[in-house]
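A.B. asks: I am sharing model-v2.txt, which consists of compact mmCIF, C-alpha atoms and all ligand atoms:
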# COMPACT_ATOMS: atom_id res chain seq x y z
CA MET V 1 18.99 -15.27 -2.19
CA GLU V 2 16.91 -18.27 -1.17
CA PHE V 3 13.97 -19.11 -3.46
CA THR V 4 12.74 -22.29 -1.79
CA VAL V 5 9.22 -22.03 -0.38
CA SER V 6 8.80 -24.08 2.79
CA GLU V 7 6.09 -26.73 2.92
CA ARG V 8 4.29 -24.75 5.63
CA LEU V 9 4.29 -21.53 3.59
CA GLN V 10 3.19 -23.36 0.43
CA THR V 11 0.22 -24.78 2.37
CA ILE V 12 -0.68 -21.28 3.56
CA LEU V 13 -0.42 -19.89 0.01
CA ASP V 14 -2.59 -22.69 -1.37
CA MET V 15 -5.23 -22.20 1.33
CA ILE V 16 -5.36 -18.44 0.70
CA ARG V 17 -5.60 -18.88 -3.05
CA GLU V 18 -8.43 -21.41 -2.70
CA PHE V 19 -10.31 -19.17 -0.26
CA LEU V 20 -9.98 -16.11 -2.50
CA ASP V 21 -11.18 -17.95 -5.60
CA LYS V 22 -14.19 -19.39 -3.80
CA GLU V 23 -15.21 -16.61 -1.41
CA VAL V 24 -13.76 -13.27 -2.51
CA VAL V 25 -13.50 -13.20 -6.31
CA PRO V 26 -17.32 -13.53 -6.60
CA MET V 27 -17.65 -10.27 -4.57
CA GLU V 28 -15.49 -8.22 -6.96
CA HIS V 29 -18.15 -6.90 -9.28
CA GLU V 30 -20.41 -5.72 -6.46
CA PHE V 31 -17.45 -4.13 -4.67
CA ALA V 32 -16.45 -2.22 -7.82
CA THR V 33 -19.92 -0.77 -8.20
CA LYS V 34 -21.39 -0.53 -4.69
CA GLY V 35 -18.42 0.51 -2.57
CA PHE V 36 -17.02 -0.43 0.79
CA LYS V 37 -19.65 0.52 3.34
CA GLU V 38 -22.52 -1.22 1.60
CA MET V 39 -20.44 -4.38 1.35
CA LEU V 40 -19.21 -4.27 4.96
CA PRO V 41 -21.47 -7.00 6.45
CA GLU V 42 -20.34 -9.44 3.77
CA ILE V 43 -16.72 -8.36 4.13
CA GLU V 44 -16.86 -8.91 7.93
CA GLU V 45 -18.35 -12.36 7.41
CA LYS V 46 -15.37 -13.30 5.20
CA ARG V 47 -12.92 -11.81 7.70
CA ASN V 48 -14.40 -14.03 10.41
CA MET V 49 -13.94 -17.06 8.16
CA VAL V 50 -10.26 -16.10 7.76
CA ARG V 51 -9.88 -15.79 11.54
CA LYS V 52 -11.37 -19.27 12.00
CA MET V 53 -8.90 -20.65 9.44
CA GLU V 54 -6.10 -19.09 11.54
CA LEU V 55 -4.86 -17.11 8.56
CA TRP V 56 -5.62 -13.69 10.06
CA ALA V 57 -3.09 -10.84 9.76
CA PRO V 58 -0.26 -12.88 8.21
CA LEU V 59 2.16 -9.96 8.40
CA HIS V 60 1.53 -8.82 11.95
CA PRO V 61 3.14 -9.91 15.24
CA LYS V 62 1.99 -13.14 16.85
CA GLU V 63 1.74 -11.45 20.26
CA TYR V 64 -1.20 -9.43 18.90
CA GLY V 65 -2.90 -12.28 17.12
CA GLY V 66 -1.17 -12.14 13.73
CA MET V 67 0.78 -14.92 12.05
CA GLY V 68 4.16 -13.18 12.37
CA LEU V 69 5.46 -14.10 8.90
CA LYS V 70 8.88 -12.80 7.83
CA LEU V 71 8.95 -10.10 5.12
CA THR V 72 10.07 -12.54 2.40
CA GLU V 73 7.27 -14.93 3.40
CA TYR V 74 4.67 -12.20 3.56
CA ALA V 75 5.79 -10.93 0.14
CA LEU V 76 4.53 -14.19 -1.39
CA VAL V 77 1.29 -13.95 0.59
CA ALA V 78 0.74 -10.35 -0.61
CA GLU V 79 1.25 -11.56 -4.18
CA VAL V 80 -1.60 -14.06 -3.81
CA LEU V 81 -3.81 -11.58 -1.95
CA GLY V 82 -3.25 -8.98 -4.67
CA ARG V 83 -5.15 -11.14 -7.15
CA THR V 84 -8.39 -9.61 -5.95
CA PRO V 85 -9.02 -6.02 -4.72
CA LEU V 86 -10.40 -7.06 -1.32
CA GLY V 87 -7.73 -9.70 -0.67
CA LEU V 88 -5.53 -7.76 1.71
CA TYR V 89 -8.42 -6.23 3.62
CA ILE V 90 -10.16 -9.54 4.17
CA PHE V 91 -6.93 -11.06 5.52
CA GLY V 92 -6.26 -8.08 7.84
CA CYS V 93 -3.06 -6.75 6.30
CA GLN V 94 -4.23 -3.78 4.23
CA ALA V 95 -2.61 -0.36 3.89
CA PRO V 96 -2.41 2.05 5.60
CA ASP V 97 -3.06 0.01 8.76
CA ALA V 98 -0.17 -2.35 7.96
CA GLY V 99 2.39 0.49 7.98
CA ASN V 100 0.86 2.10 11.05
CA ILE V 101 0.93 -1.19 12.91
CA GLU V 102 4.58 -1.72 11.99
CA ILE V 103 5.74 1.60 13.43
CA LEU V 104 3.45 1.36 16.47
CA HIS V 105 4.88 -2.06 17.19
CA LYS V 106 8.46 -0.90 16.73
CA TYR V 107 8.36 2.58 18.28
CA GLY V 108 5.15 2.79 20.34
CA SER V 109 4.99 3.01 24.15
CA GLU V 110 3.36 0.07 25.93
CA GLU V 111 0.23 2.16 26.37
CA GLN V 112 0.13 3.11 22.66
CA LYS V 113 0.60 -0.51 21.68
CA GLU V 114 -2.29 -1.71 23.84
CA LYS V 115 -4.60 1.15 22.93
CA TYR V 116 -3.92 1.44 19.21
CA CYS V 117 -1.75 -1.36 17.87
CA ARG V 118 -3.51 -4.39 19.33
CA PRO V 119 -7.09 -3.51 18.24
CA ASN V 120 -5.72 -2.44 14.84
CA VAL V 121 -4.09 -5.85 14.34
CA GLU V 122 -7.26 -7.56 15.57
CA GLY V 123 -9.22 -5.69 12.91
CA LYS V 124 -11.51 -4.10 15.50
CA ILE V 125 -10.51 -0.61 14.41
CA ARG V 126 -8.98 1.06 11.34
CA SER V 127 -6.38 3.84 11.17
CA CYS V 128 -4.98 6.37 8.71
CA PHE V 129 -1.72 8.15 7.97
CA SER V 130 -1.86 11.90 7.50
CA MET V 131 1.24 13.43 5.95
CA THR V 132 0.54 14.94 2.50
CA GLU V 133 -0.60 18.55 2.48
CA VAL V 134 -2.69 20.56 0.06
CA GLU V 135 -0.50 23.65 -0.13
CA VAL V 136 3.02 22.13 -0.39
CA ALA V 137 4.60 19.44 -2.57
CA GLY V 138 4.06 16.00 -1.10
CA SER V 139 7.16 14.86 -2.99
CA ASN V 140 9.26 16.84 -0.54
CA PRO V 141 8.03 15.58 2.83
CA THR V 142 10.54 17.68 4.79
CA TRP V 143 8.48 20.69 3.80
CA LEU V 144 5.44 20.61 6.06
CA LEU V 145 3.19 23.47 7.07
CA THR V 146 1.31 21.49 9.72
CA THR V 147 2.58 22.40 13.17
CA GLY V 148 2.47 20.69 16.54
CA VAL V 149 3.07 23.17 19.34
CA LYS V 150 3.35 22.29 23.02
CA ASP V 151 0.89 23.94 25.35
CA GLY V 152 1.04 22.62 28.93
CA ASP V 153 0.72 18.86 28.72
CA GLU V 154 -0.83 18.91 25.25
CA TRP V 155 0.13 19.23 21.57
CA VAL V 156 -1.89 21.77 19.64
CA ILE V 157 -2.00 20.72 16.00
CA ASN V 158 -2.89 23.00 13.10
CA GLY V 159 -2.66 22.08 9.45
CA HIS V 160 -4.36 21.23 6.19
CA LYS V 161 -3.86 17.73 4.84
CA TRP V 162 -5.31 15.74 2.02
CA TYR V 163 -5.05 12.21 0.74
CA THR V 164 -5.41 10.98 4.30
CA SER V 165 -6.50 7.64 2.94
CA CYS V 166 -9.17 5.68 4.82
CA ALA V 167 -9.80 8.51 7.31
CA GLU V 168 -13.55 8.00 7.12
CA GLY V 169 -14.34 5.46 9.83
CA SER V 170 -10.79 5.37 11.20
CA GLU V 171 -10.33 5.35 14.97
CA PHE V 172 -7.09 7.32 14.86
CA ALA V 173 -4.70 9.13 12.54
CA ILE V 174 -0.93 9.20 12.71
CA VAL V 175 -0.20 12.82 11.80
CA MET V 176 3.11 14.25 10.61
CA ALA V 177 3.60 17.72 12.04
CA GLU V 178 6.54 20.05 12.42
CA THR V 179 7.32 20.14 16.13
CA ASN V 180 11.00 21.09 16.16
CA PRO V 181 11.47 23.88 13.57
CA GLU V 182 14.77 24.88 15.18
CA ALA V 183 16.43 21.49 14.48
CA GLU V 184 19.45 21.91 12.18
CA SER V 185 18.58 18.97 9.95
CA ARG V 186 15.30 19.32 8.07
CA HIS V 187 14.91 15.60 8.64
CA MET V 188 14.66 16.05 12.41
CA ARG V 189 11.95 18.71 12.51
CA ALA V 190 8.79 16.62 12.27
CA SER V 191 7.13 14.20 14.66
CA MET V 192 4.38 11.65 14.29
CA ILE V 193 1.51 12.31 16.65
CA ILE V 194 -1.43 10.00 17.28
CA VAL V 195 -4.75 11.82 16.96
CA PRO V 196 -7.93 9.92 17.86
CA SER V 197 -10.46 10.85 15.19
CA GLY V 198 -13.06 11.95 17.75
CA THR V 199 -10.73 14.73 18.97
CA PRO V 200 -12.28 18.20 18.58
CA GLY V 201 -10.43 19.99 15.78
CA PHE V 202 -9.93 16.83 13.68
CA ASN V 203 -12.20 17.87 10.85
CA ILE V 204 -12.79 15.85 7.70
CA VAL V 205 -13.67 18.42 5.03
CA ARG V 206 -14.60 15.93 2.31
CA ASN V 207 -13.71 12.66 0.69
CA LEU V 208 -11.84 13.35 -2.55
CA SER V 209 -13.24 11.93 -5.74
CA VAL V 210 -10.27 9.85 -6.96
CA MET V 211 -10.14 8.11 -10.34
CA GLY V 212 -11.05 4.45 -10.01
CA HIS V 213 -11.57 4.49 -6.24
CA VAL V 214 -15.12 4.05 -4.97
CA GLY V 215 -14.13 6.44 -2.24
CA ASP V 216 -15.95 5.47 0.94
CA GLY V 217 -14.76 4.00 4.25
CA TRP V 218 -11.55 2.04 3.75
CA THR V 219 -11.43 3.14 0.09
CA SER V 220 -11.76 6.86 0.92
CA HIS V 221 -9.16 9.63 0.63
CA ALA V 222 -9.94 12.58 2.86
CA GLU V 223 -9.11 16.23 2.99
CA VAL V 224 -8.61 16.99 6.69
CA ARG V 225 -8.20 20.23 8.60
CA TYR V 226 -6.51 20.15 11.98
CA GLU V 227 -7.86 23.18 13.78
CA ASN V 228 -6.41 23.73 17.25
CA CYS V 229 -6.60 19.99 17.65
CA ARG V 230 -5.35 19.07 21.15
CA VAL V 231 -3.94 15.72 22.19
CA PRO V 232 -1.78 14.72 25.19
CA LEU V 233 2.01 15.08 24.82
CA LYS V 234 2.32 11.32 25.36
CA ASN V 235 0.64 10.81 21.96
CA VAL V 236 3.92 11.52 20.18
CA LEU V 237 5.16 8.33 18.57
CA GLY V 238 8.81 7.27 18.83
CA GLY V 239 10.09 10.59 20.18
CA GLU V 240 10.12 14.19 19.05
CA GLY V 241 11.75 14.87 15.69
CA MET V 242 11.69 11.18 14.77
CA GLY V 243 8.98 11.53 12.12
CA PHE V 244 11.20 11.05 9.06
CA VAL V 245 13.24 8.26 10.53
CA MET V 246 10.02 6.34 11.15
CA ALA V 247 8.53 7.34 7.79
CA GLN V 248 11.53 5.74 6.04
CA GLU V 249 11.13 2.67 8.21
CA ARG V 250 7.43 2.54 7.35
CA LEU V 251 7.90 2.96 3.63
CA GLY V 252 10.61 0.32 3.09
CA PRO V 253 8.60 -2.82 3.87
CA GLY V 254 5.46 -0.94 2.74
CA ARG V 255 6.82 -0.80 -0.80
CA ILE V 256 7.39 -4.55 -0.76
CA HIS V 257 3.73 -5.02 0.23
CA HIS V 258 2.48 -2.67 -2.50
CA CYS V 259 4.75 -4.09 -5.20
CA MET V 260 3.86 -7.70 -4.44
CA ARG V 261 0.17 -6.79 -4.45
CA TRP V 262 0.72 -5.22 -7.89
CA ILE V 263 2.43 -8.40 -9.07
CA GLY V 264 -0.63 -10.30 -7.84
CA ILE V 265 -2.72 -7.99 -10.03
CA CYS V 266 -0.37 -8.70 -12.95
CA ASN V 267 -0.64 -12.46 -12.44
CA ARG V 268 -4.41 -12.35 -12.52
CA ALA V 269 -4.50 -9.95 -15.50
CA PHE V 270 -2.08 -12.29 -17.27
CA ASP V 271 -4.30 -15.33 -16.54
CA LEU V 272 -7.33 -13.45 -17.85
CA MET V 273 -5.45 -12.29 -20.96
CA CYS V 274 -4.17 -15.76 -21.82
CA SER V 275 -7.45 -17.55 -21.28
CA TYR V 276 -9.39 -14.92 -23.24
CA ALA V 277 -6.85 -15.07 -26.08
CA LEU V 278 -7.19 -18.84 -26.19
CA ASN V 279 -10.99 -18.80 -26.22
CA ARG V 280 -12.05 -15.71 -28.16
CA ARG V 281 -12.59 -16.53 -31.82
CA ARG V 282 -11.48 -13.96 -34.37
CA THR V 283 -12.63 -16.15 -37.27
CA PRO V 284 -14.65 -19.41 -37.23
CA THR V 285 -11.37 -21.34 -37.21
CA GLU V 286 -8.94 -19.07 -35.34
CA VAL V 287 -8.66 -17.66 -31.83
CA LEU V 288 -6.92 -14.43 -30.78
CA ALA V 289 -3.92 -16.37 -29.47
CA ASP V 290 -3.19 -17.48 -33.05
CA SER V 291 -2.14 -13.91 -33.82
CA ASP V 292 1.56 -13.15 -33.43
CA ILE V 293 0.78 -9.65 -32.18
CA ILE V 294 -1.24 -11.08 -29.30
CA LYS V 295 1.65 -13.45 -28.57
CA THR V 296 3.98 -10.46 -28.18
CA TYR V 297 1.59 -9.01 -25.56
CA ILE V 298 1.84 -12.27 -23.67
CA ALA V 299 5.63 -12.48 -23.92
CA ASP V 300 6.17 -8.81 -22.96
CA SER V 301 3.84 -9.24 -19.98
CA ALA V 302 5.58 -12.41 -18.82
CA ALA V 303 8.92 -10.55 -18.93
CA ASP V 304 7.50 -7.56 -17.03
CA ILE V 305 6.08 -9.83 -14.34
CA LEU V 306 9.16 -11.98 -13.89
CA ALA V 307 11.54 -9.01 -13.81
CA SER V 308 9.40 -7.16 -11.26
CA ARG V 309 8.92 -10.24 -9.12
CA LEU V 310 12.63 -11.02 -8.92
CA MET V 311 13.51 -7.39 -8.18
CA VAL V 312 10.95 -7.15 -5.40
CA LEU V 313 11.82 -10.49 -3.80
CA ASN V 314 15.50 -9.56 -3.93
CA THR V 315 14.70 -6.26 -2.20
CA ALA V 316 12.63 -8.02 0.48
CA TRP V 317 15.52 -10.40 1.05
CA THR V 318 17.98 -7.49 1.40
CA ILE V 319 15.71 -5.66 3.87
CA GLU V 320 15.25 -8.84 5.88
CA ASN V 321 18.95 -9.63 6.01
CA ALA V 322 20.63 -6.23 6.04
CA GLY V 323 17.92 -3.72 7.01
CA VAL V 324 16.04 -0.94 5.21
CA LYS V 325 19.09 1.35 4.88
CA ALA V 326 21.02 -1.27 2.92
CA ALA V 327 18.17 -1.55 0.43
CA MET V 328 17.47 2.12 -0.34
CA LYS V 329 18.42 1.90 -4.02
CA GLU V 330 16.39 -1.25 -4.55
CA ILE V 331 13.37 0.16 -2.71
CA SER V 332 13.28 3.10 -5.15
CA LEU V 333 13.94 0.89 -8.16
CA ILE V 334 11.07 -1.48 -7.46
CA LYS V 335 8.64 1.33 -6.67
CA PHE V 336 8.74 2.86 -10.15
CA PHE V 337 9.62 -0.28 -12.09
CA ALA V 338 6.86 -2.51 -10.70
CA ALA V 339 4.23 0.26 -10.87
CA ASN V 340 4.96 0.84 -14.57
CA ALA V 341 5.21 -2.88 -15.32
CA MET V 342 1.77 -3.35 -13.75
CA GLN V 343 0.33 -0.59 -15.91
CA ARG V 344 1.75 -2.16 -19.06
CA VAL V 345 0.40 -5.62 -18.16
CA VAL V 346 -3.06 -4.34 -17.22
CA ASP V 347 -3.18 -2.23 -20.39
CA ARG V 348 -2.31 -5.22 -22.60
CA ALA V 349 -4.87 -7.40 -20.80
CA LEU V 350 -7.52 -4.73 -21.39
CA GLN V 351 -6.57 -4.41 -25.06
CA VAL V 352 -6.85 -8.18 -25.63
CA HIS V 353 -10.33 -8.16 -24.09
CA GLY V 354 -11.51 -5.46 -26.53
CA GLY V 355 -14.91 -3.99 -25.60
CA LEU V 356 -15.25 -6.48 -22.74
CA GLY V 357 -12.08 -5.04 -21.19
CA MET V 358 -13.74 -1.63 -20.90
CA THR V 359 -16.63 -3.03 -18.85
CA ASP V 360 -16.67 -3.96 -15.18
CA ASP V 361 -17.48 -7.57 -16.10
CA THR V 362 -13.80 -8.31 -15.41
CA PRO V 363 -11.62 -6.57 -12.77
CA ILE V 364 -9.27 -5.28 -15.50
CA ALA V 365 -11.03 -1.92 -16.02
CA MET V 366 -11.09 -1.32 -12.26
CA TRP V 367 -7.33 -1.89 -12.07
CA TYR V 368 -6.74 0.26 -15.14
CA ARG V 369 -8.49 3.18 -13.47
CA GLY V 370 -7.60 2.62 -9.85
CA GLU V 371 -3.98 1.55 -10.07
CA ARG V 372 -2.82 4.59 -12.07
CA ALA V 373 -2.27 6.13 -8.64
CA SER V 374 0.58 3.69 -7.99
CA ARG V 375 2.95 5.90 -10.00
CA ILE V 376 2.18 8.81 -7.66
CA TYR V 377 1.64 7.64 -4.06
CA ASP V 378 4.59 6.65 -1.89
CA GLY V 379 6.78 8.79 -4.14
CA ALA V 380 6.16 9.70 -7.78
CA ASP V 381 8.18 7.91 -10.49
CA GLU V 382 10.42 10.93 -11.10
CA VAL V 383 11.32 11.30 -7.43
CA HIS V 384 12.42 7.67 -7.15
CA LYS V 385 14.36 7.79 -10.41
CA ILE V 386 16.23 10.92 -9.34
CA SER V 387 16.94 9.46 -5.92
CA VAL V 388 18.23 6.17 -7.28
CA ALA V 389 20.41 7.84 -9.93
CA ARG V 390 21.92 10.11 -7.27
CA ARG V 391 22.77 7.11 -5.11
CA TYR V 392 24.54 5.39 -8.00
CA LEU V 393 26.39 8.56 -9.07
CA ARG V 394 27.51 9.18 -5.49
CA GLU V 395 29.32 5.85 -5.56
CA TYR V 396 31.35 7.04 -8.56
CA VAL V 397 32.39 10.42 -7.21
CA GLY V 398 32.45 9.60 -3.49
CA LYS V 399 30.27 12.57 -2.51
CA GLU V 400 26.71 13.86 -2.75
CA VAL V 401 25.52 14.66 -6.28
CA LYS V 402 23.00 17.40 -7.01
C1 LIG C 501 -4.47 7.04 -4.11
C2 LIG C 501 -3.54 7.84 -3.23
C3 LIG C 501 -3.44 7.53 -1.89
C4 LIG C 501 -2.62 8.29 -1.05
N1 LIG C 501 -2.59 8.01 0.31
C5 LIG C 501 -1.91 8.81 1.15
C6 LIG C 501 -1.99 8.62 2.58
O1 LIG C 501 -2.64 7.69 3.07
N2 LIG C 501 -1.36 9.51 3.37
C7 LIG C 501 -0.62 10.56 2.88
O2 LIG C 501 -0.06 11.31 3.66
N3 LIG C 501 -0.52 10.75 1.53
C8 LIG C 501 -1.14 9.92 0.65
N4 LIG C 501 -1.09 10.14 -0.72
C9 LIG C 501 -0.35 11.29 -1.23
C10 LIG C 501 0.89 10.94 -2.01
O3 LIG C 501 1.87 10.39 -1.17
C11 LIG C 501 1.34 12.20 -2.77
O4 LIG C 501 0.34 12.48 -3.74
C12 LIG C 501 2.69 12.04 -3.42
O5 LIG C 501 3.72 12.00 -2.45
C13 LIG C 501 3.00 13.20 -4.40
O6 LIG C 501 2.83 14.43 -3.77
P1 LIG C 501 1.92 15.57 -4.48
O7 LIG C 501 0.63 14.97 -4.87
O8 LIG C 501 1.91 16.74 -3.58
O9 LIG C 501 2.66 15.91 -5.81
P2 LIG C 501 3.84 16.98 -6.02
O10 LIG C 501 4.91 16.77 -5.01
O11 LIG C 501 3.26 18.32 -6.14
O12 LIG C 501 4.41 16.52 -7.44
C14 LIG C 501 3.63 16.62 -8.62
C15 LIG C 501 4.34 15.91 -9.74
O13 LIG C 501 5.55 16.59 -10.01
C16 LIG C 501 6.56 15.69 -10.40
N5 LIG C 501 7.69 15.86 -9.49
C17 LIG C 501 7.66 16.00 -8.15
N6 LIG C 501 8.90 16.16 -7.66
C18 LIG C 501 9.74 16.13 -8.72
C19 LIG C 501 11.16 16.25 -8.89
N7 LIG C 501 11.96 16.40 -7.84
N8 LIG C 501 11.64 16.19 -10.15
C20 LIG C 501 10.85 15.99 -11.21
N9 LIG C 501 9.51 15.87 -11.11
C21 LIG C 501 8.97 15.94 -9.90
C22 LIG C 501 5.96 14.30 -10.34
O14 LIG C 501 5.53 13.94 -11.64
C23 LIG C 501 4.77 14.47 -9.43
O15 LIG C 501 3.73 13.53 -9.72
C24 LIG C 501 -1.87 9.37 -1.58
C25 LIG C 501 -1.96 9.66 -2.95
C26 LIG C 501 -2.77 8.93 -3.77
C27 LIG C 501 -2.88 9.29 -5.23
Would you mind writing the file out in structure tokens?
Ligand SMILES: Cc1cc2nc3c(=O)[nH]c(=O)nc-3n(C[C@H](O)[C@H](O)[C@H](O)COP(=O)(O)OP(=O)(O)OC[C@H]3O[C@@H](n4cnc5c(N)ncnc54)[C@H](O)[C@@H]3O)c2cc1C

C.D. replies:
Amino acid sequence: MEFTVSERLQTILDMIREFLDKEVVPMEHEFATKGFKEMLPEIEEKRNMVRKMELWAPLHPKEYGGMGLKLTEYALVAEVLGRTPLGLYIFGCQAPDAGNIEILHKYGSEEQKEKYCRPNVEGKIRSCFSMTEVEVAGSNPTWLLTTGVKDGDEWVINGHKWYTSCAEGSEFAIVMAETNPEAESRHMRASMIIVPSGTPGFNIVRNLSVMGHVGDGWTSHAEVRYENCRVPLKNVLGGEGMGFVMAQERLGPGRIHHCMRWIGICNRAFDLMCSYALNRRRTPTEVLADSDIIKTYIADSAADILASRLMVLNTAWTIENAGVKAAMKEISLIKFFAANAMQRVVDRALQVHGGLGMTDDTPIAMWYRGERASRIYDGADEVHKISVARRYLREYVGKEVK
């Protein structure tokens, strides 16, 4: 694995870091309290500044106006952007658009790419991904009740989803629906279908109230009913029955993005913890950092961060060099390990800040509340642990393990 950062990439990282510190960190407190929509004019102003600096959409293809960085390069960018909650959005590489763009670019028809992918990369529109359902376990995505049935030259979609993140204000949703119930493999029964949000029958019931998420616009999580929602057959993405193949493809790099963003959070929480410990007096002559207990928080956090960072970069390197399939164990390992490491680091940072840590005067409380979800979305801890253990055990016995 190559650790050297090129001069060009280092310049990009330095420019992003400087921009965030000067322009975005000062917006944090307002964002935590006011929400997305109220902040939108200011957010758009910063996005335009990023475009002018030619740092827009670092992850996305150059042909659509992105910077076209490799996954291992973007991983380091996501780490810097993760330092502040609006970082990824202001640089045009936020979830769930990033994952949608990736599969549209890889599997979309030319028409789908022009209509949906290009304006999504340009930041002119937003999109959402609609898979999890209210009535069945999201941890088992082969079990979907939403159906897509052909009628003439249209799909008729019916289903009840929730946690369709960012649906409010999105131009389109990529919806997972069962279209081929007769397929032998459960993994070949679902398709992804593009549904423009203005389509009759695409009905947002409500935005969920989710712990630590302001919950409007890009920060929203919607419950959606698809009620005889009709879209043209050509809106299927990547072919019928290909839903799970593409979902795997989407989630592999997506986990690198999430994990590196979490490590960015850890880095910032660590900075805040160390500087507070060095400055907060516990007696007229001593600061918190003089306490050995506080030193253990710092050491444990440094270990958590370094271990997570190396695991995630190694996984990115494997995906880049050998593909997503070759990195399945690592992708599961980093998902639960980095999420839990982040929680430990943020918790220690909060503890060191005492009463101040509980306020929104620092971003620590926001992360404490909002990032708890990281152990649930994109696969709960237990699901990844079981999956990874099965993969290891299979290597010992040479066959599938229950
Ligand atoms: C903030 C947030 C954003 C999200 N965004 C999106 C989105 O944009 N689009 C989308 O489609 N979905 C999204 N989701 C949904 C997310 O992917 C699901 O919540 C997740 O897959 C878990 O599914 P579930 O909630 O149905 O839990 P369930 O599957 O019902 O599981 C409940 C709990 O049971 C345990 N469990 C589950 N399976 C096992 C097992 N095999 N063995 C042992 N224990 C187990 C776990 O502790 C799990 O947390 C989001 C969720 C959150 C919280």

A.B. asks: Choose the residue, out of V:Asp97, V:Asp300, V:Asp216, V:Glu249, that has the smallest atom-to-atom separation from Phe172 (chain V); count all atoms listed in the file.

C.D. replies: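 Counting all atoms listed in the file, the residue closest to Phe172 (chain V) is V:Asp97.
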
A.B. asks: Using all atoms listed in the file, pick whichever of V:Tyr276, V:Tyr163, V:Trp155, V:Phe244 has the shortest atom-to-atom distance to Arg225 (chain V).

C.D. replies: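 Checking each candidate against Arg225 (chain V), we get V:Tyr163 as the closest.
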
A.B. asks: Which residues of chain V come within 10 Å of ligand LIG 501 (chain C), and for each one, what is the closest pair of atoms and their distance in Å to one decimal, counting all atoms listed in the file, sorted by chain and residue number, as a tab-separated table?

C.D. replies:
residue	atom	partner	partner_atom	distance
V:Ala95	CA	C:LIG501	O1	8.1
V:Pro96	CA	C:LIG501	O1	6.2
V:Asp97	CA	C:LIG501	O1	9.6
V:Ser127	CA	C:LIG501	O1	9.7
V:Cys128	CA	C:LIG501	O1	6.2
V:Phe129	CA	C:LIG501	N2	4.8
V:Ser130	CA	C:LIG501	O2	4.3
V:Met131	CA	C:LIG501	O2	3.4
V:Thr132	CA	C:LIG501	O2	3.9
V:Glu133	CA	C:LIG501	O8	6.8
V:Val134	CA	C:LIG501	O8	7.0
V:Glu135	CA	C:LIG501	O8	8.1
V:Val136	CA	C:LIG501	O8	6.4
V:Ala137	CA	C:LIG501	O10	3.6
V:Gly138	CA	C:LIG501	O6	3.3
V:Ser139	CA	C:LIG501	O10	3.6
V:Asn140	CA	C:LIG501	O10	6.2
V:Pro141	CA	C:LIG501	O5	7.7
V:Lys161	CA	C:LIG501	O2	7.6
V:Trp162	CA	C:LIG501	N3	6.9
V:Tyr163	CA	C:LIG501	C8	4.5
V:Thr164	CA	C:LIG501	N2	4.4
V:Ser165	CA	C:LIG501	O1	3.9
V:Cys166	CA	C:LIG501	O1	7.1
V:Ala167	CA	C:LIG501	O1	8.4
V:Ala173	CA	C:LIG501	N2	9.8
V:Ile174	CA	C:LIG501	O2	9.3
V:Val175	CA	C:LIG501	O2	8.3
V:Met176	CA	C:LIG501	O2	8.2
V:Leu208	CA	C:LIG501	C1	9.8
V:Val210	CA	C:LIG501	C1	7.0
V:Met211	CA	C:LIG501	C1	8.5
V:Gly212	CA	C:LIG501	C1	9.2
V:His213	CA	C:LIG501	C1	7.8
V:Gly215	CA	C:LIG501	C1	9.9
V:Thr219	CA	C:LIG501	C1	9.0
V:Ser220	CA	C:LIG501	C3	8.8
V:His221	CA	C:LIG501	C3	6.6
V:Ala222	CA	C:LIG501	O1	8.8
V:Gly370	CA	C:LIG501	C1	7.9
V:Glu371	CA	C:LIG501	C1	8.1
V:Arg372	CA	C:LIG501	C27	8.3
V:Ala373	CA	C:LIG501	C27	4.7
V:Ser374	CA	C:LIG501	C27	7.1
V:Arg375	CA	C:LIG501	O15	7.7
V:Ile376	CA	C:LIG501	C12	5.4
V:Tyr377	CA	C:LIG501	C10	4.0
V:Asp378	CA	C:LIG501	O3	4.7
V:Gly379	CA	C:LIG501	O5	4.7
V:Ala380	CA	C:LIG501	O15	4.9
V:Asp381	CA	C:LIG501	O14	6.7
V:Glu382	CA	C:LIG501	N9	5.0
V:Val383	CA	C:LIG501	N7	5.2
V:His384	CA	C:LIG501	N7	8.8
V:Lys385	CA	C:LIG501	N8	8.8
V:Ile386	CA	C:LIG501	N8	7.0
V:Ser387	CA	C:LIG501	N7	8.8

A.B. asks: Between CA of Arg344 (chain V) and CA of Ile331 (chain V), measure the distance and give it in Å to one decimal.

C.D. replies: 20.2 Å

A.B. asks: What does the distance between CA of Pro196 (chain V) and CA of Glu171 (chain V) come to in Å, to one decimal place?

C.D. replies: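 That distance, rounded to one decimal, is 5.9 Å.
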
A.B. asks: Can you measure CA of Gly243 (chain V) to CA of Met188 (chain V) for me? One decimal in Å is fine.

C.D. replies: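 CA of Gly243 (chain V) sits 7.3 Å away from CA of Met188 (chain V).
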
A.B. asks: Return the single residue from V:Ile101, V:Leu350, V:Ala78, V:Val345 that is closest to Ile125 (chain V), with distances computed using all atoms listed in the file.

C.D. replies: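 Selected residue with least distance to Ile125 (chain V): V:Ile101.
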
A.B. asks: Fewer than 5 positions away in the same chain doesn't count, so skip those; otherwise give me all residues within 12 Å of region 318-325 of chain V, counting only C-alpha atoms, as a ChimeraX atom specification.

C.D. replies: /V:1-2,69-75,245-256,311-313,330-332

A.B. asks: Which residues are near Pro363 (chain V)? Cut-off 8 Å, only C-alpha atoms, ignore same chain within fewer than 3 positions. Put them as a PyMOL selection string.

C.D. replies: chain V and resi 28-29+360+366-367

A.B. asks: Scan for residues within 12 Å of the point (0.5, -10.9, -29.8) in the coordinates of the file, using only C-alpha atoms, and reply as a PyMOL selection string.

C.D. replies: chain V and resi 273-274+277-278+287-301+348-349+351-352
